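Just below is one structure, and these are the notes that go with it.
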Amino acid sequence: MSIFSPLDYALIALGLVAAWSMGHHYAGAVVGPAYGSRSLAMYTAILISGAFVILGAVSTRVVTTYVSLALVPPLYQTAALLSLVIMTNVTTFLKIPTSTIQLYAFSLLGVAYETDSRVNYVILGLLVIGWVAAPTFSFGLSRGIFRVLRESKHLRYVIIGVMMYSGLVLGLNDVSNAASSLVSSGIDPLFSKAICGIAMFAGMLIFGPRLIKLVGEEMIKMDFKTAASAQLTKSIIISALNALGLNASINQTMVTSLASLGARRNVLKGILQGWIYSPLIGFGGAFVFAFILKILFV
């Protein structure tokens, strides 16, 4: 007899697709600087960082953050995950590295308001503080690190090392978006994190080059010093927030780091616009999906 119900299987499938989507959506932030600075070939970098993504995923402590944000019934978790999957893939296709953390949080809120589920506004407030703090501090920190670093061919090894750590940070920070719905339905946390970590790696490998090229080549002229500064900034800030049991956007931290170092304005303009409308569309999409589920199954 199967240990999972049909709803569990639906959540597992959506969780895996969501993890795959986040893998390719964050590939640029993890691998882009190493590729753009020619520290490593693209697929070599993906394979190396992917192993650390899986390790970080199974080690994370923040998997229950979104379980506590909104007490959404398991059936309606599918609506939140579906909204997350659609918006993550659309923004990757449009080359807009946005925040899947915000997409998922707003999707959960859309479901919660449609189903009259309880929202923990204290946790929401803390998350918002993290969302604002990460890009704000990264803008100044990146410039400070850039001034301290000296241009050297040996920075290549720093970039590779930080890339591996960034893969670990991606697993630690973002697997919760996909795995928390599985955990909230009673599926084993370690199993949830492991399968989502593997799916994230697969997403980096299959569809990740689209945003890797954006971050590594199209946003800014990526030399060793720029790549090392942005990667160090991102990892320091995300790790500090993870130590508090909270998430922040790896993409937004990376983009604001590069913005402070002179990223091209025309590229930044489209990305910033996407940061505004994508969470709102995620909220609306999840609300509509939850409404449809209510009609069909309640």
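By order of appearance in the structure tokens: chains A, B, ..., then residues from 1 within every chain, and ligands from 1 in the order shown.
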
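Close contacts of Gly50 of chain A, defined as residues with an atom at most 8 Å away when counting only C-alpha atoms, with chain neighbours fewer than 6 positions off set aside, comprise A:Gly167, A:Met200, A:Phe201, A:Met204.
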
Write to file, as an mmCIF file, in the first residue's frame, the residues of the selection just made, with N, CA and C atoms.
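Generated file (again-v9.cif):
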data_model
loop_
_atom_site.group_PDB
_atom_site.id
_atom_site.type_symbol
_atom_site.label_atom_id
_atom_site.label_comp_id
_atom_site.auth_asym_id
_atom_site.auth_seq_id
_atom_site.Cartn_x
_atom_site.Cartn_y
_atom_site.Cartn_z
ATOM 1 N N GLY A 167 26.580 27.953 -4.102
ATOM 2 C CA GLY A 167 25.718 26.804 -4.345
ATOM 3 C C GLY A 167 25.170 26.257 -3.039
ATOM 4 N N MET A 200 16.653 21.028 -8.013
ATOM 5 C CA MET A 200 17.265 22.335 -8.232
ATOM 6 C C MET A 200 18.518 22.203 -9.092
ATOM 7 N N PHE A 201 19.325 21.198 -8.816
ATOM 8 C CA PHE A 201 20.529 20.945 -9.605
ATOM 9 C C PHE A 201 20.172 20.660 -11.061
ATOM 10 N N MET A 204 19.355 23.876 -12.868
ATOM 11 C CA MET A 204 20.554 24.625 -13.221
ATOM 12 C C MET A 204 21.183 24.074 -14.493
#

Next item on the list: Would you return as a VMD selection string the members of segment 14-204 of chain A that DSSP assigns to alpha helix (DSSP H) on this structure's backbone?
Entry: chain A and resid 14 to 25 27 to 36 42 to 59 65 to 69 74 to 93 100 to 115 121 to 148 155 to 184 189 to 204

Export, as a short mmCIF file (atom, residue, chain, number, x, y, z; two decimals), in the first residue's frame, the selected residues with C-alpha atoms.
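Dumped everything to part-v7.cif:
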data_model
loop_
_atom_site.label_atom_id
_atom_site.label_comp_id
_atom_site.auth_asym_id
_atom_site.auth_seq_id
_atom_site.Cartn_x
_atom_site.Cartn_y
_atom_site.Cartn_z
CA LEU A 14 4.67 20.40 -7.91
CA GLY A 15 7.42 20.71 -5.31
CA LEU A 16 9.90 19.05 -7.65
CA VAL A 17 8.89 21.26 -10.58
CA ALA A 18 9.12 24.31 -8.31
CA ALA A 19 12.62 23.27 -7.18
CA TRP A 20 13.65 22.65 -10.80
CA SER A 21 12.33 26.12 -11.67
CA MET A 22 14.25 27.78 -8.84
CA GLY A 23 17.41 25.94 -9.84
CA HIS A 24 17.45 27.48 -13.29
CA HIS A 25 16.18 30.83 -11.99
CA ALA A 27 21.79 29.67 -11.79
CA GLY A 28 22.83 33.14 -12.89
CA ALA A 29 23.43 34.36 -9.34
CA VAL A 30 25.47 31.26 -8.48
CA VAL A 31 27.40 30.54 -11.68
CA GLY A 32 27.17 33.81 -13.64
CA PRO A 33 30.19 35.58 -12.09
CA ALA A 34 32.47 32.53 -12.45
CA TYR A 35 31.40 32.05 -16.07
CA GLY A 36 31.47 35.74 -16.99
CA MET A 42 29.84 27.04 -17.89
CA TYR A 43 28.96 23.38 -17.46
CA THR A 44 31.98 22.66 -15.30
CA ALA A 45 30.80 25.44 -13.00
CA ILE A 46 27.23 24.09 -12.99
CA LEU A 47 28.34 20.56 -12.10
CA ILE A 48 30.57 21.75 -9.26
CA SER A 49 28.09 24.23 -7.78
CA GLY A 50 25.19 21.77 -8.23
CA ALA A 51 26.79 19.31 -5.83
CA PHE A 52 26.90 22.04 -3.19
CA VAL A 53 23.28 22.99 -3.90
CA ILE A 54 22.22 19.46 -2.96
CA LEU A 55 24.39 19.51 0.17
CA GLY A 56 22.90 22.83 1.26
CA ALA A 57 19.37 21.65 0.59
CA VAL A 58 19.60 18.65 2.88
CA SER A 59 21.31 20.75 5.57
CA THR A 65 9.48 29.33 7.48
CA TYR A 66 6.57 29.31 5.04
CA VAL A 67 4.68 26.60 6.87
CA SER A 68 4.38 29.15 9.68
CA LEU A 69 3.67 32.14 7.43
CA PRO A 74 -2.75 20.98 1.90
CA LEU A 75 -5.15 21.05 -1.05
CA TYR A 76 -4.55 24.76 -1.54
CA GLN A 77 -0.78 24.41 -1.22
CA THR A 78 -0.98 23.17 -4.80
CA ALA A 79 -2.37 26.56 -5.88
CA ALA A 80 0.56 28.39 -4.29
CA LEU A 81 3.11 26.05 -5.85
CA LEU A 82 1.46 26.27 -9.27
CA SER A 83 1.60 30.06 -9.14
CA LEU A 84 5.26 29.91 -8.10
CA VAL A 85 6.14 27.52 -10.94
CA ILE A 86 4.44 29.61 -13.60
CA MET A 87 5.92 32.93 -12.50
CA THR A 88 9.42 31.51 -12.00
CA ASN A 89 9.52 30.04 -15.49
CA VAL A 90 8.02 33.15 -17.07
CA THR A 91 10.58 35.44 -15.42
CA THR A 92 13.44 33.12 -16.42
CA PHE A 93 12.20 33.15 -20.01
CA THR A 100 11.21 33.32 -5.85
CA ILE A 101 10.98 33.85 -2.11
CA GLN A 102 8.70 36.82 -2.69
CA LEU A 103 6.82 35.01 -5.44
CA TYR A 104 6.06 32.12 -3.11
CA ALA A 105 5.22 34.31 -0.13
CA PHE A 106 2.78 36.37 -2.20
CA SER A 107 1.33 33.19 -3.71
CA LEU A 108 0.71 31.85 -0.20
CA LEU A 109 -0.90 35.13 0.77
CA GLY A 110 -3.16 35.00 -2.29
CA VAL A 111 -4.30 31.51 -1.31
CA ALA A 112 -4.69 32.51 2.34
CA TYR A 113 -6.97 35.45 1.52
CA GLU A 114 -9.11 33.35 -0.81
CA THR A 115 -9.47 30.52 1.74
CA TYR A 121 1.86 38.88 10.27
CA VAL A 122 4.84 38.84 12.64
CA ILE A 123 6.66 36.41 10.36
CA LEU A 124 5.53 38.37 7.30
CA GLY A 125 6.95 41.54 8.85
CA LEU A 126 10.28 39.87 9.54
CA LEU A 127 10.42 38.54 6.00
CA VAL A 128 9.74 42.00 4.58
CA ILE A 129 12.57 43.41 6.70
CA GLY A 130 14.88 40.75 5.23
CA TRP A 131 13.68 41.50 1.69
CA VAL A 132 14.50 45.19 2.14
CA ALA A 133 17.72 44.74 4.12
CA ALA A 134 19.44 42.31 1.74
CA PRO A 135 19.55 44.47 -1.41
CA THR A 136 20.04 47.67 0.62
CA PHE A 137 23.13 46.42 2.44
CA SER A 138 24.46 44.61 -0.62
CA PHE A 139 24.65 47.85 -2.58
CA GLY A 140 27.06 49.41 -0.10
CA LEU A 141 28.94 46.26 0.88
CA SER A 142 29.72 45.29 -2.71
CA ARG A 143 31.31 48.65 -3.39
CA GLY A 144 33.32 48.44 -0.17
CA ILE A 145 34.65 44.96 -0.98
CA PHE A 146 35.51 46.09 -4.53
CA ARG A 147 37.64 48.94 -3.16
CA VAL A 148 39.51 46.63 -0.79
CA LEU A 155 41.13 36.04 -7.57
CA ARG A 156 40.02 33.26 -9.91
CA TYR A 157 40.40 30.81 -7.07
CA VAL A 158 38.46 33.07 -4.74
CA ILE A 159 35.64 33.23 -7.31
CA ILE A 160 35.54 29.45 -7.67
CA GLY A 161 35.54 28.98 -3.91
CA VAL A 162 32.78 31.51 -3.37
CA MET A 163 30.80 29.95 -6.25
CA MET A 164 30.85 26.62 -4.43
CA TYR A 165 29.77 28.34 -1.23
CA SER A 166 27.06 30.16 -3.18
CA GLY A 167 25.72 26.80 -4.34
CA LEU A 168 25.59 25.74 -0.71
CA VAL A 169 23.81 28.98 0.19
CA LEU A 170 21.28 28.45 -2.62
CA GLY A 171 20.39 25.04 -1.21
CA LEU A 172 20.24 26.40 2.34
CA ASN A 173 18.21 29.47 1.44
CA ASP A 174 15.77 28.54 -1.31
CA VAL A 175 14.85 24.88 -1.03
CA SER A 176 12.29 25.89 1.60
CA ASN A 177 10.14 27.48 -1.11
CA ALA A 178 9.54 24.09 -2.71
CA ALA A 179 9.92 21.78 0.28
CA SER A 180 7.80 23.58 2.88
CA SER A 181 4.54 22.60 1.17
CA LEU A 182 5.62 18.96 1.30
CA VAL A 183 6.59 19.25 4.97
CA SER A 184 3.32 20.94 5.89
CA PRO A 189 11.50 16.91 5.99
CA LEU A 190 14.80 15.26 5.02
CA PHE A 191 13.18 13.42 2.11
CA SER A 192 11.50 16.65 0.99
CA LYS A 193 14.73 18.62 1.10
CA ALA A 194 16.78 15.94 -0.66
CA ILE A 195 14.50 15.47 -3.67
CA CYS A 196 14.03 19.21 -4.03
CA GLY A 197 17.80 19.77 -3.88
CA ILE A 198 18.37 17.26 -6.68
CA ALA A 199 15.64 18.92 -8.74
CA MET A 200 17.26 22.34 -8.23
CA PHE A 201 20.53 20.94 -9.61
CA ALA A 202 18.70 19.53 -12.62
CA GLY A 203 17.13 22.93 -13.28
CA MET A 204 20.55 24.63 -13.22
#

Next item on the list: Would you please work out which residue, of A:Pro97, A:Arg150, A:Val255, A:Ile12, is nearest to Gly274 of chain A when using only C-alpha atoms?
Entry: A:Pro97

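Counting from atom CA of Tyr26 of chain A, the distance to atom CA of Ile96 of chain A is 10.6 Å.
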
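One finds atom CA of Thr98 of chain A at 16.8 Å from atom CA of Ile237 of chain A.
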
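The space between atom CA of Thr233 of chain A and atom CA of Thr253 of chain A spans 7.9 Å.
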
List as a PDB file with N, CA and C atoms, in the first residue's frame the protein and nucleic acid residues near Ser99 of chain A, meaning an atom at most 9 Å away when only C-alpha atoms are counted, but skip any in the same chain fewer than 6 places from it.
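To be explicit, this is the file written out as part.pdb:
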ATOM      1  N   THR A  88       7.981  31.726 -11.949  1.00  0.00           N
ATOM      2  CA  THR A  88       9.423  31.513 -11.997  1.00  0.00           C
ATOM      3  C   THR A  88       9.885  31.215 -13.417  1.00  0.00           C
ATOM      4  N   ALA A 248      16.266  35.484   2.219  1.00  0.00           N
ATOM      5  CA  ALA A 248      16.337  36.729   1.464  1.00  0.00           C
ATOM      6  C   ALA A 248      16.621  36.350   0.028  1.00  0.00           C
ATOM      7  N   SER A 249      16.458  37.289  -0.880  1.00  0.00           N
ATOM      8  CA  SER A 249      16.584  36.980  -2.302  1.00  0.00           C
ATOM      9  C   SER A 249      18.036  36.966  -2.758  1.00  0.00           C
ATOM     10  N   ILE A 250      18.498  35.816  -3.222  1.00  0.00           N
ATOM     11  CA  ILE A 250      19.839  35.710  -3.782  1.00  0.00           C
ATOM     12  C   ILE A 250      19.948  36.547  -5.052  1.00  0.00           C
ATOM     13  N   ASN A 251      18.919  36.483  -5.890  1.00  0.00           N
ATOM     14  CA  ASN A 251      18.953  37.254  -7.131  1.00  0.00           C
ATOM     15  C   ASN A 251      18.978  38.755  -6.875  1.00  0.00           C
ATOM     16  N   GLN A 252      18.123  39.225  -5.982  1.00  0.00           N
ATOM     17  CA  GLN A 252      18.081  40.659  -5.717  1.00  0.00           C
ATOM     18  C   GLN A 252      19.370  41.150  -5.071  1.00  0.00           C
ATOM     19  N   TRP A 275      10.623  43.106 -10.688  1.00  0.00           N
ATOM     20  CA  TRP A 275      10.544  42.943  -9.232  1.00  0.00           C
ATOM     21  C   TRP A 275       9.227  43.492  -8.682  1.00  0.00           C
ATOM     22  N   SER A 278       5.945  41.050 -10.687  1.00  0.00           N
ATOM     23  CA  SER A 278       5.878  39.590 -10.609  1.00  0.00           C
ATOM     24  C   SER A 278       5.265  39.084  -9.291  1.00  0.00           C
ATOM     25  N   PRO A 279       5.587  39.664  -8.113  1.00  0.00           N
ATOM     26  CA  PRO A 279       4.900  39.193  -6.901  1.00  0.00           C
ATOM     27  C   PRO A 279       3.397  39.459  -6.918  1.00  0.00           C
TER      28      PRO A 279
END

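Each of A:Ile276, A:Leu7, A:Ala259, A:Ala290 was checked against Val215 of chain A using only C-alpha atoms; the smallest atom-to-atom distance is that of A:Ala259.
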
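Of the listed residues (A:Ser39, A:Gln273, A:Ser260, A:Ser229), A:Ser229 comes nearest to Leu149 of chain A; the distances count only C-alpha atoms.
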